[in-house]
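Reproduced below: query_7.pdb, with PDB, C-alpha atoms and all ligand atoms.
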ATOM      1  CA  MET A   1      89.090 238.321 117.184
ATOM      2  CA  GLU A   2      88.352 237.179 113.647
ATOM      3  CA  VAL A   3      86.265 234.045 113.329
ATOM      4  CA  LEU A   4      88.362 231.076 112.251
ATOM      5  CA  GLN A   5      86.929 228.208 110.253
ATOM      6  CA  ASP A   6      87.614 225.101 112.278
ATOM      7  CA  PRO A   7      91.409 225.564 112.567
ATOM      8  CA  PHE A   8      92.119 222.429 114.609
ATOM      9  CA  GLU A   9      91.830 218.861 113.461
ATOM     10  CA  TYR A  10      91.755 217.626 117.027
ATOM     11  CA  ASN A  11      89.589 218.260 120.068
ATOM     12  CA  LEU A  12      90.383 221.060 122.466
ATOM     13  CA  VAL A  13      89.970 219.688 125.970
ATOM     14  CA  LEU A  14      89.581 222.261 128.716
ATOM     15  CA  ILE A  15      90.551 221.202 132.224
ATOM     16  CA  GLY A  16      91.084 223.079 135.475
ATOM     17  CA  PHE A  17      89.770 223.647 138.948
ATOM     18  CA  MET A  18      86.157 224.664 139.556
ATOM     19  CA  GLY A  19      85.652 228.327 138.730
ATOM     20  CA  THR A  20      88.604 228.691 136.383
ATOM     21  CA  GLY A  21      86.189 229.518 133.562
ATOM     22  CA  LYS A  22      86.152 226.341 131.493
ATOM     23  CA  SER A  23      82.506 226.597 130.380
ATOM     24  CA  THR A  24      82.713 230.313 129.597
ATOM     25  CA  VAL A  25      85.981 229.955 127.696
ATOM     26  CA  ALA A  26      84.558 226.945 125.820
ATOM     27  CA  LYS A  27      81.677 229.091 124.535
ATOM     28  CA  CYS A  28      84.065 231.786 123.358
ATOM     29  CA  LEU A  29      86.370 229.255 121.694
ATOM     30  CA  GLY A  30      83.378 227.587 120.065
ATOM     31  CA  LYS A  31      82.360 230.876 118.484
ATOM     32  CA  THR A  32      85.795 232.061 117.431
ATOM     33  CA  CYS A  33      86.881 228.698 116.051
ATOM     34  CA  SER A  34      83.504 227.587 114.628
ATOM     35  CA  MET A  35      83.643 224.394 116.681
ATOM     36  CA  ASP A  36      80.936 222.500 118.552
ATOM     37  CA  ILE A  37      81.057 222.340 122.335
ATOM     38  CA  ALA A  38      80.568 219.392 124.651
ATOM     39  CA  ASP A  39      80.149 220.654 128.197
ATOM     40  CA  MET A  40      80.480 217.442 130.178
ATOM     41  CA  ASP A  41      78.634 218.536 133.318
ATOM     42  CA  GLN A  42      75.752 219.832 131.238
ATOM     43  CA  ILE A  43      75.529 216.663 129.160
ATOM     44  CA  ILE A  44      75.539 214.484 132.287
ATOM     45  CA  GLU A  45      72.866 216.623 133.942
ATOM     46  CA  LYS A  46      70.684 216.453 130.862
ATOM     47  CA  ARG A  47      71.043 212.713 130.425
ATOM     48  CA  GLU A  48      70.437 211.934 134.072
ATOM     49  CA  GLY A  49      67.648 214.477 134.357
ATOM     50  CA  MET A  50      69.040 216.051 137.497
ATOM     51  CA  THR A  51      71.682 218.474 138.668
ATOM     52  CA  ILE A  52      75.208 217.361 139.623
ATOM     53  CA  SER A  53      74.377 218.176 143.252
ATOM     54  CA  LYS A  54      71.330 215.904 143.136
ATOM     55  CA  LEU A  55      73.404 213.177 141.485
ATOM     56  CA  PHE A  56      76.017 213.350 144.237
ATOM     57  CA  ASP A  57      73.256 213.327 146.853
ATOM     58  CA  LYS A  58      71.326 210.463 145.401
ATOM     59  CA  TYR A  59      74.011 208.146 144.014
ATOM     60  CA  GLY A  60      77.307 209.424 145.412
ATOM     61  CA  GLU A  61      80.466 210.824 143.858
ATOM     62  CA  GLU A  62      81.697 207.517 142.449
ATOM     63  CA  TYR A  63      78.574 207.128 140.339
ATOM     64  CA  PHE A  64      79.164 210.590 138.890
ATOM     65  CA  ARG A  65      82.847 209.812 138.250
ATOM     66  CA  ASP A  66      81.893 206.688 136.307
ATOM     67  CA  LEU A  67      79.488 208.679 134.143
ATOM     68  CA  GLU A  68      82.266 211.173 133.521
ATOM     69  CA  THR A  69      84.626 208.436 132.308
ATOM     70  CA  GLN A  70      81.982 206.840 130.082
ATOM     71  CA  LEU A  71      81.217 210.205 128.511
ATOM     72  CA  LEU A  72      84.885 210.998 127.881
ATOM     73  CA  ILE A  73      85.320 207.646 126.164
ATOM     74  CA  GLU A  74      82.251 208.346 124.047
ATOM     75  CA  LEU A  75      83.468 211.820 123.098
ATOM     76  CA  GLN A  76      86.702 210.469 121.651
ATOM     77  CA  THR A  77      84.749 209.205 118.667
ATOM     78  CA  ARG A  78      84.239 212.887 117.780
ATOM     79  CA  LYS A  79      86.734 215.367 116.378
ATOM     80  CA  HIS A  80      86.889 219.144 116.056
ATOM     81  CA  MET A  81      85.118 219.537 119.403
ATOM     82  CA  ILE A  82      85.689 221.761 122.380
ATOM     83  CA  ILE A  83      85.313 219.508 125.392
ATOM     84  CA  SER A  84      84.790 221.330 128.662
ATOM     85  CA  CYS A  85      85.527 218.863 131.467
ATOM     86  CA  GLY A  86      84.334 218.933 135.043
ATOM     87  CA  GLY A  87      87.058 220.018 137.453
ATOM     88  CA  GLY A  88      87.616 216.501 138.732
ATOM     89  CA  ALA A  89      88.042 214.821 135.360
ATOM     90  CA  VAL A  90      91.815 214.605 135.847
ATOM     91  CA  LEU A  91      91.461 212.468 138.954
ATOM     92  CA  LYS A  92      91.463 209.232 136.954
ATOM     93  CA  GLU A  93      94.412 208.198 134.797
ATOM     94  CA  ARG A  94      92.005 206.597 132.370
ATOM     95  CA  ASN A  95      90.284 209.921 131.783
ATOM     96  CA  ILE A  96      93.542 211.644 130.922
ATOM     97  CA  LYS A  97      94.379 208.898 128.453
ATOM     98  CA  GLU A  98      91.022 209.451 126.760
ATOM     99  CA  MET A  99      91.470 213.244 126.622
ATOM    100  CA  LYS A 100      94.797 212.817 124.871
ATOM    101  CA  LYS A 101      93.637 210.325 122.264
ATOM    102  CA  ASN A 102      92.319 212.981 119.892
ATOM    103  CA  GLY A 103      92.892 216.140 121.799
ATOM    104  CA  ARG A 104      95.177 218.790 123.103
ATOM    105  CA  VAL A 105      94.608 219.501 126.745
ATOM    106  CA  VAL A 106      94.376 223.113 127.874
ATOM    107  CA  LEU A 107      94.682 223.812 131.594
ATOM    108  CA  LEU A 108      93.015 226.968 132.902
ATOM    109  CA  GLU A 109      94.441 228.255 136.155
ATOM    110  CA  ALA A 110      93.194 230.858 138.624
ATOM    111  CA  SER A 111      94.162 231.894 142.117
ATOM    112  CA  PRO A 112      92.075 230.623 145.064
ATOM    113  CA  GLU A 113      90.874 234.212 145.554
ATOM    114  CA  THR A 114      89.568 234.403 141.976
ATOM    115  CA  VAL A 115      87.957 230.978 142.257
ATOM    116  CA  LEU A 116      86.206 231.997 145.466
ATOM    117  CA  GLN A 117      84.847 235.132 143.821
ATOM    118  CA  ARG A 118      83.526 233.106 140.914
ATOM    119  CA  VAL A 119      81.904 230.299 142.912
ATOM    120  CA  LYS A 120      80.721 232.015 146.056
ATOM    121  CA  ASN A 121      77.135 232.635 144.989
ATOM    122  CA  ASN A 122      76.699 229.361 143.206
ATOM    123  CA  ARG A 123      75.319 226.256 144.890
ATOM    124  CA  SER A 124      75.833 223.813 142.047
ATOM    125  CA  ARG A 125      79.182 222.395 143.192
ATOM    126  CA  PRO A 126      78.729 219.746 145.870
ATOM    127  CA  LEU A 127      82.441 219.532 146.700
ATOM    128  CA  LEU A 128      82.488 223.194 147.660
ATOM    129  CA  GLN A 129      79.308 223.254 149.716
ATOM    130  CA  GLY A 130      80.346 224.302 153.199
ATOM    131  CA  HIS A 131      83.925 224.855 151.986
ATOM    132  CA  LYS A 132      83.682 228.180 150.289
ATOM    133  CA  ASP A 133      86.726 229.716 151.899
ATOM    134  CA  ILE A 134      90.253 230.394 150.697
ATOM    135  CA  ASP A 135      91.886 227.699 152.842
ATOM    136  CA  SER A 136      89.630 224.885 151.640
ATOM    137  CA  ILE A 137      89.940 225.926 148.010
ATOM    138  CA  LYS A 138      93.720 226.225 148.349
ATOM    139  CA  LYS A 139      93.941 222.789 149.938
ATOM    140  CA  LEU A 140      91.899 221.019 147.237
ATOM    141  CA  MET A 141      93.789 222.898 144.537
ATOM    142  CA  GLU A 142      97.109 221.812 146.015
ATOM    143  CA  GLU A 143      95.956 218.199 146.172
ATOM    144  CA  ARG A 144      95.134 218.321 142.477
ATOM    145  CA  ARG A 145      97.842 220.615 141.171
ATOM    146  CA  GLU A 146     100.201 217.856 140.039
ATOM    147  CA  LYS A 147      97.438 215.972 138.215
ATOM    148  CA  TYR A 148      96.315 219.091 136.346
ATOM    149  CA  ARG A 149      99.860 219.939 135.345
ATOM    150  CA  LEU A 150     100.730 216.444 134.203
ATOM    151  CA  ALA A 151      97.575 216.154 132.124
ATOM    152  CA  SER A 152      97.999 219.478 130.335
ATOM    153  CA  ASP A 153      99.642 220.337 127.022
ATOM    154  CA  ILE A 154      99.368 224.057 127.640
ATOM    155  CA  VAL A 155      98.652 226.143 130.732
ATOM    156  CA  VAL A 156      96.785 229.444 130.634
ATOM    157  CA  GLU A 157      96.582 231.781 133.593
ATOM    158  CA  THR A 158      93.146 233.415 133.760
ATOM    159  CA  ASP A 159      93.406 235.931 136.620
ATOM    160  CA  HIS A 160      92.705 239.522 135.523
ATOM    161  CA  LYS A 161      92.112 238.553 131.905
ATOM    162  CA  THR A 162      88.942 238.849 129.834
ATOM    163  CA  VAL A 163      87.402 235.764 128.280
ATOM    164  CA  MET A 164      88.416 237.057 124.855
ATOM    165  CA  GLN A 165      92.040 237.506 125.954
ATOM    166  CA  ILE A 166      92.105 233.955 127.275
ATOM    167  CA  CYS A 167      90.568 232.638 124.084
ATOM    168  CA  ARG A 168      93.031 234.486 121.913
ATOM    169  CA  GLU A 169      95.948 233.223 123.987
ATOM    170  CA  ILE A 170      94.811 229.615 123.670
ATOM    171  CA  VAL A 171      94.295 229.832 119.913
ATOM    172  CA  THR A 172      97.632 231.585 119.355
ATOM    173  CA  VAL A 173      99.626 229.049 121.352
ATOM    174  CA  LEU A 174      97.896 226.063 119.758
ATOM    175  CA  LEU A 175      98.365 227.434 116.242
ATOM    176  CA  GLU A 176     102.049 227.960 117.015
ATOM    177  CA  MET A 177     102.236 224.341 118.088
ATOM    178  CA  GLY A 178     100.821 223.353 114.702
ATOM    179  CA  GLY A 179      97.071 223.639 114.670
ATOM    180  CA  LYS A 180      96.353 220.858 112.305
ATOM    181  CA  TYR A 181      97.684 217.729 113.917
ATOM    182  CA  VAL A 182      97.846 216.234 117.366
TER     183      VAL A 182
HETATM  184  C1  LIG B   1      83.931 218.889 140.196
HETATM  185  C2  LIG B   1      83.744 219.969 139.347
HETATM  186  C3  LIG B   1      82.459 220.331 138.778
HETATM  187  C4  LIG B   1      81.560 219.102 138.633
HETATM  188  C5  LIG B   1      81.463 218.369 139.946
HETATM  189  C6  LIG B   1      82.820 217.944 140.492
HETATM  190  C7  LIG B   1      85.269 218.643 140.774
HETATM  191  O1  LIG B   1      82.643 220.922 137.487
HETATM  192  O2  LIG B   1      82.024 218.244 137.644
HETATM  193  O3  LIG B   1      80.837 219.233 140.857
HETATM  194  O4  LIG B   1      85.501 217.543 141.323
HETATM  195  O5  LIG B   1      86.141 219.539 140.664
HETATM  196  P1  LIG B   1      83.190 222.434 137.266
HETATM  197  O6  LIG B   1      84.674 222.384 137.311
HETATM  198  O7  LIG B   1      82.683 222.782 135.918
HETATM  199  O8  LIG B   1      82.611 223.269 138.332
END
When written as structure tokens, how does the structure in this file appear?
Amino acid sequence: MEVLQDPFEYNLVLIGFMGTGKSTVAKCLGKTCSMDIADMDQIIEKREGMTISKLFDKYGEEYFRDLETQLLIELQTRKHMIISCGGGAVLKERNIKEMKKNGRVVLLEASPETVLQRVKNNRSRPLLQGHKDIDSIKKLMEERREKYRLASDIVVETDHKTVMQICREIVTVLLEMGGKYV
């Protein structure tokens, strides 16, 4: 895909379940659209000086969720960014409001089977520790499905697609919607 020079005046906010490819797609979008990336989990880990798993262990999920909200609020002062959210960022109404202030929200979807493949060898997701099976993933996905859908401006299915295909699809749809303005 040709490299575009910053085609969107707003932020692109990537949401979706764990393992749907948000961070990987963000990198690809960053390159093809010449935009900076804010990977929320990575920023939180860096600032707190520990992994998300350690954070959950030491301070609990609520502490992490509060950091997530504070960071989203902070990021709305920026424009032309790709914001890759943690999978649970849609759980709070306030977060969704923040995402939509300056951004279009792109939902990445994948089947529970694909998610399991992508997360099975990774120990960095506390909510999936001990639950790396299709039924548990399906259940959590179902619980969140409505929230993801309601938060999103566009939905992109990622099963059996390359990162580049996904990227191209996102850019094409957003440009059709009118790339320049929210
Ligand atoms: C979470 C998803 C994770 C991370 C944390 C909680 C969730 O991010 O923020 O472990 O609640 O879905 P990824 O979606 O990038 O794995």
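Using all atoms listed in the file, the smallest distance between any of A:Leu12, A:Met18, A:Lys97, A:Ile166 and A:Leu128 comes from A:Met18.
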Determine, using only C-alpha atoms and all ligand atoms, which residues of chain A have any atom at most 7 Å from an atom of ligand LIG 1 (chain B), and tabulate each with its shortest atom pair and distance in Å to one decimal place, rows ordered by chain and then rising number, as JSON lines.
{"residue": "A:Gly16", "atom": "CA", "partner": "B:LIG1", "partner_atom": "O6", "distance": 6.7}
{"residue": "A:Phe17", "atom": "CA", "partner": "B:LIG1", "partner_atom": "O6", "distance": 5.5}
{"residue": "A:Met18", "atom": "CA", "partner": "B:LIG1", "partner_atom": "O6", "distance": 3.5}
{"residue": "A:Gly19", "atom": "CA", "partner": "B:LIG1", "partner_atom": "O8", "distance": 5.9}
{"residue": "A:Lys22", "atom": "CA", "partner": "B:LIG1", "partner_atom": "O7", "distance": 6.7}
{"residue": "A:Ser23", "atom": "CA", "partner": "B:LIG1", "partner_atom": "O7", "distance": 6.7}
{"residue": "A:Asp41", "atom": "CA", "partner": "B:LIG1", "partner_atom": "O2", "distance": 5.5}
{"residue": "A:Ile52", "atom": "CA", "partner": "B:LIG1", "partner_atom": "O3", "distance": 6.1}
{"residue": "A:Ser53", "atom": "CA", "partner": "B:LIG1", "partner_atom": "O3", "distance": 7.0}
{"residue": "A:Cys85", "atom": "CA", "partner": "B:LIG1", "partner_atom": "O7", "distance": 6.6}
{"residue": "A:Gly86", "atom": "CA", "partner": "B:LIG1", "partner_atom": "O2", "distance": 3.5}
{"residue": "A:Gly87", "atom": "CA", "partner": "B:LIG1", "partner_atom": "O6", "distance": 3.4}
{"residue": "A:Gly88", "atom": "CA", "partner": "B:LIG1", "partner_atom": "O4", "distance": 3.5}
{"residue": "A:Ser124", "atom": "CA", "partner": "B:LIG1", "partner_atom": "O3", "distance": 6.9}
{"residue": "A:Arg125", "atom": "CA", "partner": "B:LIG1", "partner_atom": "O3", "distance": 4.3}
{"residue": "A:Pro126", "atom": "CA", "partner": "B:LIG1", "partner_atom": "O3", "distance": 5.5}
{"residue": "A:Leu127", "atom": "CA", "partner": "B:LIG1", "partner_atom": "O3", "distance": 6.1}
Selection result for the PyMOL selection byres (((chain A and resi 37) around 12) and not hetatm) on this file, as a VMD selection string: chain A and resid 11 to 14 22 to 36 38 to 43 75 78 to 85
Atom CA of A:Asp159 to atom CA of A:Ser111, straight-line distance in Å: 6.9 Å
What's the 7 Å shell around stretch 129-137 of chain A, counting only C-alpha atoms, without same-chain residues fewer than 3 positions away, as a short mmCIF file (atom, residue, chain, number, x, y, z; two decimals) with C-alpha atoms, in the frame of the given file?
data_model
loop_
_atom_site.label_atom_id
_atom_site.label_comp_id
_atom_site.auth_asym_id
_atom_site.auth_seq_id
_atom_site.Cartn_x
_atom_site.Cartn_y
_atom_site.Cartn_z
CA PRO A 112 92.08 230.62 145.06
CA GLU A 113 90.87 234.21 145.55
CA LEU A 116 86.21 232.00 145.47
CA LYS A 120 80.72 232.02 146.06
CA ARG A 123 75.32 226.26 144.89
CA ARG A 125 79.18 222.40 143.19
CA PRO A 126 78.73 219.75 145.87
CA LEU A 140 91.90 221.02 147.24
CA MET A 141 93.79 222.90 144.54
#
Got a sec to resolve the PyMOL selection byres (((chain A and resi 169-173) around 12) and not hetatm) on this structure and send the residues as a PDB file with C-alpha atoms, keeping the file's coordinate frame?
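What landed in out_24.pdb:
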ATOM      1  CA  MET A   1      89.090 238.321 117.184  1.00  0.00           C
ATOM      2  CA  GLU A   2      88.352 237.179 113.647  1.00  0.00           C
ATOM      3  CA  VAL A   3      86.265 234.045 113.329  1.00  0.00           C
ATOM      4  CA  LEU A   4      88.362 231.076 112.251  1.00  0.00           C
ATOM      5  CA  ASP A   6      87.614 225.101 112.278  1.00  0.00           C
ATOM      6  CA  PRO A   7      91.409 225.564 112.567  1.00  0.00           C
ATOM      7  CA  PHE A   8      92.119 222.429 114.609  1.00  0.00           C
ATOM      8  CA  LEU A  12      90.383 221.060 122.466  1.00  0.00           C
ATOM      9  CA  VAL A  13      89.970 219.688 125.970  1.00  0.00           C
ATOM     10  CA  LEU A  14      89.581 222.261 128.716  1.00  0.00           C
ATOM     11  CA  VAL A  25      85.981 229.955 127.696  1.00  0.00           C
ATOM     12  CA  ALA A  26      84.558 226.945 125.820  1.00  0.00           C
ATOM     13  CA  CYS A  28      84.065 231.786 123.358  1.00  0.00           C
ATOM     14  CA  LEU A  29      86.370 229.255 121.694  1.00  0.00           C
ATOM     15  CA  GLY A  30      83.378 227.587 120.065  1.00  0.00           C
ATOM     16  CA  THR A  32      85.795 232.061 117.431  1.00  0.00           C
ATOM     17  CA  CYS A  33      86.881 228.698 116.051  1.00  0.00           C
ATOM     18  CA  ARG A 104      95.177 218.790 123.103  1.00  0.00           C
ATOM     19  CA  VAL A 105      94.608 219.501 126.745  1.00  0.00           C
ATOM     20  CA  VAL A 106      94.376 223.113 127.874  1.00  0.00           C
ATOM     21  CA  LEU A 107      94.682 223.812 131.594  1.00  0.00           C
ATOM     22  CA  LEU A 108      93.015 226.968 132.902  1.00  0.00           C
ATOM     23  CA  ASP A 153      99.642 220.337 127.022  1.00  0.00           C
ATOM     24  CA  ILE A 154      99.368 224.057 127.640  1.00  0.00           C
ATOM     25  CA  VAL A 155      98.652 226.143 130.732  1.00  0.00           C
ATOM     26  CA  VAL A 156      96.785 229.444 130.634  1.00  0.00           C
ATOM     27  CA  GLU A 157      96.582 231.781 133.593  1.00  0.00           C
ATOM     28  CA  THR A 158      93.146 233.415 133.760  1.00  0.00           C
ATOM     29  CA  LYS A 161      92.112 238.553 131.905  1.00  0.00           C
ATOM     30  CA  THR A 162      88.942 238.849 129.834  1.00  0.00           C
ATOM     31  CA  VAL A 163      87.402 235.764 128.280  1.00  0.00           C
ATOM     32  CA  MET A 164      88.416 237.057 124.855  1.00  0.00           C
ATOM     33  CA  GLN A 165      92.040 237.506 125.954  1.00  0.00           C
ATOM     34  CA  ILE A 166      92.105 233.955 127.275  1.00  0.00           C
ATOM     35  CA  CYS A 167      90.568 232.638 124.084  1.00  0.00           C
ATOM     36  CA  ARG A 168      93.031 234.486 121.913  1.00  0.00           C
ATOM     37  CA  LEU A 174      97.896 226.063 119.758  1.00  0.00           C
ATOM     38  CA  LEU A 175      98.365 227.434 116.242  1.00  0.00           C
ATOM     39  CA  GLU A 176     102.049 227.960 117.015  1.00  0.00           C
ATOM     40  CA  MET A 177     102.236 224.341 118.088  1.00  0.00           C
ATOM     41  CA  GLY A 178     100.821 223.353 114.702  1.00  0.00           C
ATOM     42  CA  GLY A 179      97.071 223.639 114.670  1.00  0.00           C
ATOM     43  CA  LYS A 180      96.353 220.858 112.305  1.00  0.00           C
TER      44      LYS A 180
END
Among the residues A:Val90, A:Leu67, A:Lys58, A:Gln117, the one that comes closest to A:Arg144 [using all atoms listed in the file]: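 Closest to A:Arg144 of all the choices is A:Val90.
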Distance in Å - atom CA of A:Glu98 versus atom CA of A:Glu45: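 A separation of 20.8 Å between them.
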For A:Arg65: contacts at 10 Å, all atoms listed in the file, fewer than 6 positions along chain excluded, given as a PyMOL selection string: chain A and resi 56+71+86+88-89+91-92+95
Atom-to-atom span, atom CA of A:Lys54 and atom CA of A:Thr77, Å: 28.7 Å
Centre and size of axis-aligned box enclosing stretch 12-22 of chain A plus 4 Å each side, as JSON:
{"center_x": 88.4, "center_y": 224.6, "center_z": 131.0, "size_x": 13.4, "size_y": 17.8, "size_z": 25.1}
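With distances restricted to only C-alpha atoms, A:Ile15 is the closest residue to A:Arg145 from A:Ile15, A:Glu9, A:Gly21, A:Met99.
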Closest of A:Ile44, A:Leu150, A:Leu55, A:Leu72 to A:Lys101 - atom-to-atom distances counting all atoms listed in the file: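 So, comparing all the options, the nearest one is A:Leu72.
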Proximity to A:Tyr63 - best of A:Lys138, A:Arg94, A:Arg149, A:Glu48, only C-alpha atoms: A:Glu48
If I only have part of stretch 46-55 of chain A, can you fill in all heavy atoms and write it as a compact mmCIF listing (two decimals), in the coordinates of the input?
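Done, and the output landed in out_7.txt:
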# COMPACT_ATOMS: atom_id res chain seq x y z
N LYS A 46 71.80 216.63 131.78
CA LYS A 46 70.68 216.45 130.86
C LYS A 46 70.29 214.98 130.76
O LYS A 46 69.13 214.61 130.86
CB LYS A 46 71.08 217.01 129.49
CG LYS A 46 69.92 217.32 128.61
CD LYS A 46 70.30 218.22 127.46
CE LYS A 46 69.14 218.29 126.48
NZ LYS A 46 69.57 218.53 125.13
N ARG A 47 71.33 214.14 130.59
CA ARG A 47 71.04 212.71 130.43
C ARG A 47 70.43 212.10 131.68
O ARG A 47 69.58 211.23 131.60
CB ARG A 47 72.33 211.96 130.09
CG ARG A 47 72.77 212.20 128.68
CD ARG A 47 73.98 211.35 128.37
NE ARG A 47 74.43 211.60 127.01
CZ ARG A 47 75.52 211.08 126.49
NH1 ARG A 47 76.28 210.28 127.22
NH2 ARG A 47 75.87 211.34 125.25
N GLU A 48 70.91 212.52 132.81
CA GLU A 48 70.44 211.93 134.07
C GLU A 48 69.16 212.62 134.58
O GLU A 48 68.53 212.15 135.52
CB GLU A 48 71.53 212.06 135.15
CG GLU A 48 72.78 211.26 134.85
CD GLU A 48 72.56 209.76 134.90
OE1 GLU A 48 72.10 209.26 135.94
OE2 GLU A 48 72.85 209.08 133.90
N GLY A 49 68.85 213.76 133.97
CA GLY A 49 67.65 214.48 134.36
C GLY A 49 67.71 215.08 135.75
O GLY A 49 66.68 215.26 136.39
N MET A 50 68.91 215.37 136.19
CA MET A 50 69.04 216.05 137.50
C MET A 50 70.37 216.79 137.58
O MET A 50 71.28 216.53 136.79
CB MET A 50 68.89 215.07 138.65
CG MET A 50 69.97 214.02 138.80
SD MET A 50 69.62 212.89 140.15
CE MET A 50 68.76 211.59 139.27
N THR A 51 70.46 217.69 138.53
CA THR A 51 71.68 218.47 138.67
C THR A 51 72.80 217.60 139.24
O THR A 51 72.54 216.54 139.81
CB THR A 51 71.47 219.65 139.65
OG1 THR A 51 71.16 219.09 140.94
CG2 THR A 51 70.36 220.57 139.20
N ILE A 52 74.05 218.09 139.08
CA ILE A 52 75.21 217.36 139.62
C ILE A 52 75.04 217.21 141.15
O ILE A 52 75.33 216.15 141.70
CB ILE A 52 76.52 218.13 139.33
CG1 ILE A 52 76.67 218.44 137.85
CG2 ILE A 52 77.73 217.37 139.88
CD1 ILE A 52 77.21 217.38 136.97
N SER A 53 74.56 218.25 141.80
CA SER A 53 74.38 218.18 143.25
C SER A 53 73.42 217.06 143.62
O SER A 53 73.67 216.27 144.54
CB SER A 53 73.82 219.50 143.80
OG SER A 53 74.74 220.51 143.60
N LYS A 54 72.32 216.97 142.89
CA LYS A 54 71.33 215.90 143.14
C LYS A 54 71.95 214.53 142.89
O LYS A 54 71.74 213.59 143.67
CB LYS A 54 70.14 216.10 142.18
CG LYS A 54 68.93 216.76 142.82
CD LYS A 54 67.99 215.70 143.40
CE LYS A 54 67.09 216.21 144.51
NZ LYS A 54 66.20 217.31 144.10
N LEU A 55 72.75 214.45 141.81
CA LEU A 55 73.40 213.18 141.49
C LEU A 55 74.32 212.73 142.62
O LEU A 55 74.31 211.56 143.02
CB LEU A 55 74.25 213.35 140.22
CG LEU A 55 73.65 213.02 138.88
CD1 LEU A 55 74.64 213.32 137.78
CD2 LEU A 55 73.26 211.55 138.82
